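Q: Pasting a structure below so you can have a look.
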Amino acid sequence: MYLTCTVLLGFVLDCLLGDPNTCLHPACLIGRLVSRTEKILRRLFPKTRRGETVAGVLLWLVVCGISFAVPFFALRWLRERNFWLGFAAESLLCWLVLACRSLADAGKDVYAALGKSLEDGRKTVAMYVGRDTGELDEPGVIKAAVETVAENTTDGVVAPLVFLLIGGAPLGLLYKAVNTLDSMVGYHNDKYEYFGKFSARMDDIFNFIPARLSAVCLIAAAGMLCLDNRNALRVFRRDRNGHKSPNAGQTESACAGALHIQLGGDASYFGKTVKKASFGDPDRVVRRTDILQTCDLMRMASVLALVLCAVVRLVLTWHPAA
């Protein structure tokens with residue numbers, strides 16, 4: 001019950017308060033660790049394919065090892081001193097690992113900005129997506145926001161919940177490190193093609209099961225929110241493996257089906273057009289309110305994932321009295 005209670009409390013805190021804006025946030029600390037470790041390793045290893053590959057593996061091991069070990073031993077020490085102090089600290093860390101409220105707020109920010117002007121919408125969505133947004137029309141801004149919320153349902157909420165309920169805050173922070181490494185070095189370009197390959201692959205592995213769980217929860221959430229869960233399931237089964245990433249298409253396809261819109265398609269990155277698969281059918285033109293509906297889907301799916309994972313954990317760890 002200890003881990004289940006800390007995760008539940010952390011989830012409630014996240015829903016109520018969101019992410020605190022502080023440089024001491026674990027994501028910021030992990031990001032700094034990645035940057036500094038990268039600089040050291042690039043000086044130590046040659047700029048060859050093999051050298052950068054080995055350096056990339058070491059980067060992952062160092063960052064993930066520290067991200068797990070520091071909270072593990074710190075929480076262990078606190079619990080030995082005082083149980084409730086350790087419980088409070090772990091609950092706070094669980095809160096900081098989750099990003100349900102901040103993800104919903106991001107969607108709402110784009111919705112509000114787009115209500116003011118297209119230019120405001122472009123500038124706001126640029127804060128949350130990696131694609132070029134300067135030439136996006138209104139449907140393009142809406143799709144970018146919807147895709148971001150749908151895809152990050154896995155990265156920001158469901159996957160952290162899974163790892164938190166398996167191994168508490170230390171494992172949750174290890175996942176946070178895996179995700180941060182992918183977002184910082186997992187690019188297909190000259191600088192990170194080999195250096196970031198291991199981080200990108202590990203992110204795919206860590207998210208493989210959570211991405212599919214997220215999609216299932218989104219489909220179930222669609223039915224609970226009176227959206228088309230049957231179409232969500234149909235599109236999910238048809239389109240989920242169309243994305244270049246083995247995980248991103250899972251949630252995007254389910255969301256597209258639930259809303260009866262088409263997501264994905266070609267996008268511009270750093271001035272170059274990248275061919276991307278489409279998800280769903282263009283049954284109707286996208287609307288600004290689709291952003292809010294996607295946020296509702298994400299929140300409901302997050303609650304379902306929390307309940308499902310907590311129940312599974314309690315069943316697996318329950319020992320009846322002799």
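Letters A, B, ... mark the chains of the structure tokens in the order given; residue numbers begin at 1 per chain; ligand numbers begin at 1, in order shown.
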Leu41 in chain A: which residues within 8 Å, counting only C-alpha atoms, same-chain residues fewer than 3 positions away excluded, as a PyMOL selection string?
A: chain A and resi 37-38+44-45+55+59
Q: Name the residues in contact with Ser183 in chain A at a cut-off of 10 Å, using only C-alpha atoms, excluding same-chain residues fewer than 6 positions from it; report them as a PyMOL selection string.
A: chain A and resi 31+130+177+196+199-200+203
Q: Okay, now the selection with N, CA, C and O atoms, as an mmCIF file, in the first residue's frame?
A:
data_model
loop_
_atom_site.group_PDB
_atom_site.id
_atom_site.type_symbol
_atom_site.label_atom_id
_atom_site.label_comp_id
_atom_site.auth_asym_id
_atom_site.auth_seq_id
_atom_site.Cartn_x
_atom_site.Cartn_y
_atom_site.Cartn_z
ATOM 1 N N GLY A 31 18.217 17.592 -16.982
ATOM 2 C CA GLY A 31 18.649 18.258 -18.198
ATOM 3 C C GLY A 31 20.051 18.831 -18.076
ATOM 4 O O GLY A 31 20.874 18.719 -19.000
ATOM 5 N N GLY A 130 8.251 20.386 -31.835
ATOM 6 C CA GLY A 130 9.557 20.530 -32.446
ATOM 7 C C GLY A 130 9.502 20.982 -33.894
ATOM 8 O O GLY A 130 10.515 21.368 -34.474
ATOM 9 N N ALA A 177 14.532 10.443 -16.728
ATOM 10 C CA ALA A 177 15.846 10.606 -17.345
ATOM 11 C C ALA A 177 15.859 10.016 -18.751
ATOM 12 O O ALA A 177 16.418 10.612 -19.682
ATOM 13 N N GLY A 196 23.220 9.973 -30.064
ATOM 14 C CA GLY A 196 21.911 9.874 -29.421
ATOM 15 C C GLY A 196 21.109 8.643 -29.775
ATOM 16 O O GLY A 196 19.978 8.474 -29.305
ATOM 17 N N SER A 199 20.055 6.397 -26.741
ATOM 18 C CA SER A 199 19.015 7.052 -25.936
ATOM 19 C C SER A 199 17.663 6.967 -26.616
ATOM 20 O O SER A 199 16.635 6.726 -25.958
ATOM 21 N N ALA A 200 17.633 7.156 -27.940
ATOM 22 C CA ALA A 200 16.373 7.086 -28.681
ATOM 23 C C ALA A 200 15.795 5.673 -28.643
ATOM 24 O O ALA A 200 14.585 5.483 -28.445
ATOM 25 N N ASP A 203 14.385 4.860 -25.186
ATOM 26 C CA ASP A 203 13.096 5.528 -24.989
ATOM 27 C C ASP A 203 11.987 4.723 -25.666
ATOM 28 O O ASP A 203 10.892 4.570 -25.105
#
Q: Fewer than 6 positions away in the same chain doesn't count, so skip those; otherwise give me all residues within 12 Å of range 80-92 of chain A, counting only C-alpha atoms, as JSON, numbers by chain.
A: {"A": [1, 2, 3, 4, 5, 6, 7, 8, 9, 10, 11, 12, 13, 14, 17, 18, 19, 20, 25, 26, 71, 72, 73, 74, 98, 164, 165, 167, 168, 169, 170, 171, 172, 173]}
Q: Expressed in Å to a single decimal, how great is the separation between CA of His260 in chain A and CA of Gly115 in chain A?
A: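 Those two atoms sit 22.2 Å apart.
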Q: With only C-alpha atoms as the basis for distance, which of A:Arg240, A:Glu151, A:Arg50, A:Lys116 is at the shortest distance from Tyr128 in chain A?
A: A:Glu151
Q: Find the residues around Asp266 in chain A up to 9 Å (only C-alpha atoms counted), leave out those fewer than 5 positions away in its own chain, and share them as a CSV table (one decimal) with N, CA and C atoms, in the first residue's frame.
A:
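Result went into around08.csv, see below:
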chain,number,residue,atom,x,y,z
A,273,THR,N,10.9,19.6,-45.2
A,273,THR,CA,9.7,18.9,-45.1
A,273,THR,C,9.9,17.4,-44.9
A,274,VAL,N,9.3,16.9,-43.9
A,274,VAL,CA,9.5,15.5,-43.5
A,274,VAL,C,8.2,14.7,-43.8
A,275,LYS,N,8.3,13.7,-44.6
A,275,LYS,CA,7.1,12.9,-44.9
A,275,LYS,C,6.7,12.0,-43.6
A,276,LYS,N,5.4,12.2,-43.3
A,276,LYS,CA,4.9,11.5,-42.1
A,276,LYS,C,3.6,10.9,-42.4
A,277,ALA,N,3.3,9.8,-41.7
A,277,ALA,CA,2.0,9.1,-42.0
A,277,ALA,C,0.8,9.9,-41.4
A,278,SER,N,-0.3,9.6,-41.9
A,278,SER,CA,-1.6,10.2,-41.4
A,278,SER,C,-2.3,9.2,-40.6
Q: I need the strand (DSSP E or B) residues of range 48-291 of chain A per DSSP on the backbone, written as a ChimeraX atom specification.
A: /A:263-264,267-269,272-274,278-279
Q: Please save C-alpha atoms of the selected residues as a PDB file, in the first residue's frame.
A:
ATOM      1  CA  LEU A 263      -3.850  13.841 -37.669  1.00  0.00           C
ATOM      2  CA  GLY A 264      -0.237  13.488 -38.754  1.00  0.00           C
ATOM      3  CA  ALA A 267       5.527  18.513 -41.370  1.00  0.00           C
ATOM      4  CA  SER A 268       8.439  20.936 -41.616  1.00  0.00           C
ATOM      5  CA  TYR A 269      11.451  20.568 -39.307  1.00  0.00           C
ATOM      6  CA  LYS A 272      12.919  20.694 -44.369  1.00  0.00           C
ATOM      7  CA  THR A 273       9.661  18.895 -45.125  1.00  0.00           C
ATOM      8  CA  VAL A 274       9.474  15.470 -43.507  1.00  0.00           C
ATOM      9  CA  SER A 278      -1.556  10.205 -41.421  1.00  0.00           C
ATOM     10  CA  PHE A 279      -3.873   8.866 -38.735  1.00  0.00           C
TER      11      PHE A 279
END
Q: Considering only C-alpha atoms, return as a list of chain:residue names whatever protein or nucleic-acid residues lie within 9 Å of range 139-145 of chain A, sequence-local ones (same chain, fewer than 6 positions apart) excluded.
A: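 With the cut-off at 9 Å, the set is A:Ala106, A:Gly107, A:Val110, A:Tyr111, A:Leu114, A:Leu118, A:Gly121, A:Arg122, A:Val125, A:Tyr128, A:Val129, A:Arg131, A:Thr133, A:Gln262, A:Leu263, A:Gly264, A:Val285, A:Val286, A:Arg287, A:Arg288, A:Thr289, A:Asp290, A:Ile291.
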Q: Figure out the distance between CA of Lys176 in chain A and CA of Gly156 in chain A, please, to one decimal in Å.
A: 8.9 Å
Q: Can you list, as a PyMOL selection string, every protein, DNA or RNA residue that comes within 8 Å of Thr53 in chain A when you count only C-alpha atoms, leaving out same-chain residues fewer than 6 positions away?
A: chain A and resi 194-198
Q: Tell me, in Å to one decimal, how far CA of Asn231 in chain A is from CA of Leu218 in chain A.
A: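 For CA of Asn231 in chain A relative to CA of Leu218 in chain A, the distance reads 11.9 Å.
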Q: For the structure I just gave you, how does DSSP split range 38-248 of chain A - specifically, which residues are helix (DSSP H, G or I)? Reply as a ChimeraX atom specification.
A: /A:38-44,49-81,83-97,100-116,118-125,138-185,197-224,229-239,248
Q: Restricting the calculation to only C-alpha atoms, which member of A:Leu93, A:Cys15, A:Leu314, A:Val146 is positioned closest to Leu75 in chain A?
A: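 Closest residue, counting only C-alpha atoms: A:Leu93.
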Q: Excluding Ala215 in chain A and its own-chain neighbours fewer than 6 positions away, which residues fall within 7 Å of it when counting only C-alpha atoms? Please give them as a tab-separated table (two decimals) with N, CA and C atoms, in the first residue's frame.
A:
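Just written: result_18.tsv:
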chain	number	residue	atom	x	y	z
A	250	GLN	N	0.42	5.11	-31.65
A	250	GLN	CA	-0.58	4.40	-30.85
A	250	GLN	C	-1.65	5.37	-30.33
A	251	THR	N	-1.19	6.42	-29.66
A	251	THR	CA	-2.14	7.37	-29.06
A	251	THR	C	-2.72	8.34	-30.09
A	254	ALA	N	-5.61	6.58	-31.91
A	254	ALA	CA	-6.80	6.45	-31.05
A	254	ALA	C	-7.52	7.79	-30.90
Q: Closest to Ser253 in chain A among A:Ala150, A:Leu174, A:Ile66, A:Val162, using only C-alpha atoms?
A: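 Nearest to Ser253 in chain A: A:Ala150.
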